[in-house]
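Peer 1: This is the structure I want to talk about, given as structure tokens.
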Amino acid sequence: MRILAAAGAVEQQLRTHVKLAFGVSHDDFLILCLLADQPGHTLRMTRIAELLGRPKTRMTYQVSCLHHFGLVTRSSVRGDKRGIALTLTDKARRLLAENSPALAQAVSEAVTRTLGPSQREALGSLLAQTTTDGDRSR
């Protein structure tokens with residue numbers, strides 16, 4: 001149960017910081033994070049929808065908001081008339097770089113408030129393993 005409390009605390013902290021720093025919703029921020037983690041900072045909209053478990057119609061609205069704020073560009077996918085690729089703009093990359101330390105601090109504080117030392121250690125081990133496993137699959 002504590003891990004659920006920690007996840008809720010982390011999400012609440014992120015919502016607040018993301019809105020102030022980027023002017024977008026937490027859901028929009030997740031799209032920026034996915035793009036930042038990709039080669040060329042580009043990903044197809046359909047793949048983003050799959051990764052986030054969101055309907056494609058919701059993605060269209062979110063992408064319009066991100067595009068309006070100058071955080072992503074849209075381009076056609078070569079060989080696919082309906083395919084749209086999203087790419088982070090320089091503005092988005094700059095905002096992510098500038099705000100990452102504060103976001104990491106907010107997450108750390110939320111986890112520290114809600115989990116005990118042994119639980120934080122277990123979570124850290126799990127996250128390290130997940131990162132290592134992810135690196136192997138690339």
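By order of appearance in the structure tokens: chains A, B, ..., then residues from 1 within every chain, and ligands from 1 in the order shown.
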Can you tell me, as number ranges by chain, what residues are no more than 7 Å from Val72 (chain A) when counting only C-alpha atoms, ignoring any on the same chain fewer than 2 positions away?

Peer 2: A: 66-67, 70, 74, 86-89

Peer 1: List every residue of region 8-111 of chain A that DSSP, applied to the backbone of this structure, assigns to helix (DSSP H, G or I), and report them as a ChimeraX atom specification.

Peer 2: /A:8-22,26-36,39-41,45-52,56-68,90-111

Peer 1: Keeping only C-alpha atoms, write the selected residues as a PDB file, in the first residue's frame.

Peer 2:
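File written: part-v2.pdb
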ATOM      1  CA  GLY A   8       0.332   9.151  -5.850  1.00  0.00           C
ATOM      2  CA  ALA A   9       2.630  11.582  -4.068  1.00  0.00           C
ATOM      3  CA  VAL A  10       5.113  11.522  -6.937  1.00  0.00           C
ATOM      4  CA  GLU A  11       2.394  12.096  -9.503  1.00  0.00           C
ATOM      5  CA  GLN A  12       0.953  15.024  -7.532  1.00  0.00           C
ATOM      6  CA  GLN A  13       4.387  16.644  -7.222  1.00  0.00           C
ATOM      7  CA  LEU A  14       5.029  16.180 -10.931  1.00  0.00           C
ATOM      8  CA  ARG A  15       1.647  17.612 -11.896  1.00  0.00           C
ATOM      9  CA  THR A  16       2.399  20.795  -9.973  1.00  0.00           C
ATOM     10  CA  HIS A  17       5.966  21.219 -11.265  1.00  0.00           C
ATOM     11  CA  VAL A  18       5.096  20.328 -14.854  1.00  0.00           C
ATOM     12  CA  LYS A  19       2.232  22.822 -15.006  1.00  0.00           C
ATOM     13  CA  LEU A  20       4.453  25.611 -13.673  1.00  0.00           C
ATOM     14  CA  ALA A  21       7.531  24.799 -15.769  1.00  0.00           C
ATOM     15  CA  PHE A  22       5.963  23.755 -19.070  1.00  0.00           C
ATOM     16  CA  HIS A  26       0.967  15.806 -16.766  1.00  0.00           C
ATOM     17  CA  ASP A  27      -0.371  13.650 -19.630  1.00  0.00           C
ATOM     18  CA  ASP A  28       1.171  16.032 -22.175  1.00  0.00           C
ATOM     19  CA  PHE A  29       4.443  15.919 -20.241  1.00  0.00           C
ATOM     20  CA  LEU A  30       4.517  12.122 -20.546  1.00  0.00           C
ATOM     21  CA  ILE A  31       4.540  12.525 -24.330  1.00  0.00           C
ATOM     22  CA  LEU A  32       7.505  14.892 -24.073  1.00  0.00           C
ATOM     23  CA  CYS A  33       9.345  12.371 -21.887  1.00  0.00           C
ATOM     24  CA  LEU A  34       8.742   9.557 -24.374  1.00  0.00           C
ATOM     25  CA  LEU A  35      10.038  11.706 -27.224  1.00  0.00           C
ATOM     26  CA  ALA A  36      13.086  12.816 -25.229  1.00  0.00           C
ATOM     27  CA  PRO A  39      16.719   8.497 -31.049  1.00  0.00           C
ATOM     28  CA  GLY A  40      16.209  11.749 -32.917  1.00  0.00           C
ATOM     29  CA  HIS A  41      13.580  12.716 -30.306  1.00  0.00           C
ATOM     30  CA  MET A  45       1.751   9.148 -32.757  1.00  0.00           C
ATOM     31  CA  THR A  46       0.300   5.647 -32.903  1.00  0.00           C
ATOM     32  CA  ARG A  47       3.286   4.279 -30.970  1.00  0.00           C
ATOM     33  CA  ILE A  48       2.947   6.974 -28.314  1.00  0.00           C
ATOM     34  CA  ALA A  49      -0.738   6.105 -27.943  1.00  0.00           C
ATOM     35  CA  GLU A  50       0.182   2.421 -27.537  1.00  0.00           C
ATOM     36  CA  LEU A  51       2.894   3.125 -24.955  1.00  0.00           C
ATOM     37  CA  LEU A  52       0.627   5.376 -22.890  1.00  0.00           C
ATOM     38  CA  LYS A  56      -5.692   7.874 -30.756  1.00  0.00           C
ATOM     39  CA  THR A  57      -8.412  10.519 -30.640  1.00  0.00           C
ATOM     40  CA  ARG A  58      -7.091  11.750 -27.289  1.00  0.00           C
ATOM     41  CA  MET A  59      -3.585  11.880 -28.770  1.00  0.00           C
ATOM     42  CA  THR A  60      -4.731  14.222 -31.524  1.00  0.00           C
ATOM     43  CA  TYR A  61      -5.960  16.751 -28.960  1.00  0.00           C
ATOM     44  CA  GLN A  62      -2.825  16.461 -26.814  1.00  0.00           C
ATOM     45  CA  VAL A  63      -0.530  16.843 -29.802  1.00  0.00           C
ATOM     46  CA  SER A  64      -2.426  19.947 -30.910  1.00  0.00           C
ATOM     47  CA  CYS A  65      -1.818  21.486 -27.475  1.00  0.00           C
ATOM     48  CA  LEU A  66       1.891  20.592 -27.509  1.00  0.00           C
ATOM     49  CA  HIS A  67       2.241  21.929 -31.047  1.00  0.00           C
ATOM     50  CA  HIS A  68       0.448  25.150 -30.064  1.00  0.00           C
ATOM     51  CA  ASP A  90      14.614  22.853 -29.352  1.00  0.00           C
ATOM     52  CA  LYS A  91      12.345  24.733 -26.934  1.00  0.00           C
ATOM     53  CA  ALA A  92      11.065  21.468 -25.422  1.00  0.00           C
ATOM     54  CA  ARG A  93      14.566  19.998 -25.127  1.00  0.00           C
ATOM     55  CA  ARG A  94      15.755  23.186 -23.404  1.00  0.00           C
ATOM     56  CA  LEU A  95      12.818  23.169 -20.966  1.00  0.00           C
ATOM     57  CA  LEU A  96      13.395  19.501 -20.151  1.00  0.00           C
ATOM     58  CA  ALA A  97      17.092  20.094 -19.525  1.00  0.00           C
ATOM     59  CA  GLU A  98      16.465  23.190 -17.392  1.00  0.00           C
ATOM     60  CA  ASN A  99      13.726  21.589 -15.298  1.00  0.00           C
ATOM     61  CA  SER A 100      15.008  18.031 -14.879  1.00  0.00           C
ATOM     62  CA  PRO A 101      16.888  18.756 -11.620  1.00  0.00           C
ATOM     63  CA  ALA A 102      13.802  20.313  -9.990  1.00  0.00           C
ATOM     64  CA  LEU A 103      11.571  17.496 -11.217  1.00  0.00           C
ATOM     65  CA  ALA A 104      14.007  14.867  -9.917  1.00  0.00           C
ATOM     66  CA  GLN A 105      14.130  16.664  -6.557  1.00  0.00           C
ATOM     67  CA  ALA A 106      10.326  16.739  -6.352  1.00  0.00           C
ATOM     68  CA  VAL A 107      10.155  13.004  -7.063  1.00  0.00           C
ATOM     69  CA  SER A 108      12.869  12.272  -4.503  1.00  0.00           C
ATOM     70  CA  GLU A 109      11.125  14.307  -1.817  1.00  0.00           C
ATOM     71  CA  ALA A 110       7.769  12.632  -2.480  1.00  0.00           C
ATOM     72  CA  VAL A 111       9.318   9.158  -2.301  1.00  0.00           C
TER      73      VAL A 111
END

Peer 1: List every residue of chain A that DSSP, applied to the backbone of this structure, assigns to strand (DSSP E), and report them as a PyMOL selection string.

Peer 2: chain A and resi 42-44+72-77+80-88

Peer 1: Could you tell me how far CA of Gly53 (chain A) sits from CA of Thr73 (chain A), in Å to one decimal place?

Peer 2: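 These atoms are spaced 21.7 Å apart.
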
Peer 1: Between A:Leu4, A:Gln38, A:Glu121, A:Arg44, which has the minimum distance to Arg78 (chain A) (counting only C-alpha atoms)?

Peer 2: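 Once distances to Arg78 (chain A) are computed over only C-alpha atoms, the minimum belongs to A:Arg44.
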
Peer 1: What is the distance, in Å and to one decimal place, between CA of Leu126 (chain A) and CA of Thr42 (chain A)?

Peer 2: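 Straight-line distance from CA of Leu126 (chain A) to CA of Thr42 (chain A) works out to 27.8 Å.
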
Peer 1: How many Å separate CA of Ala85 (chain A) from CA of Asp37 (chain A)?

Peer 2: 14.6 Å
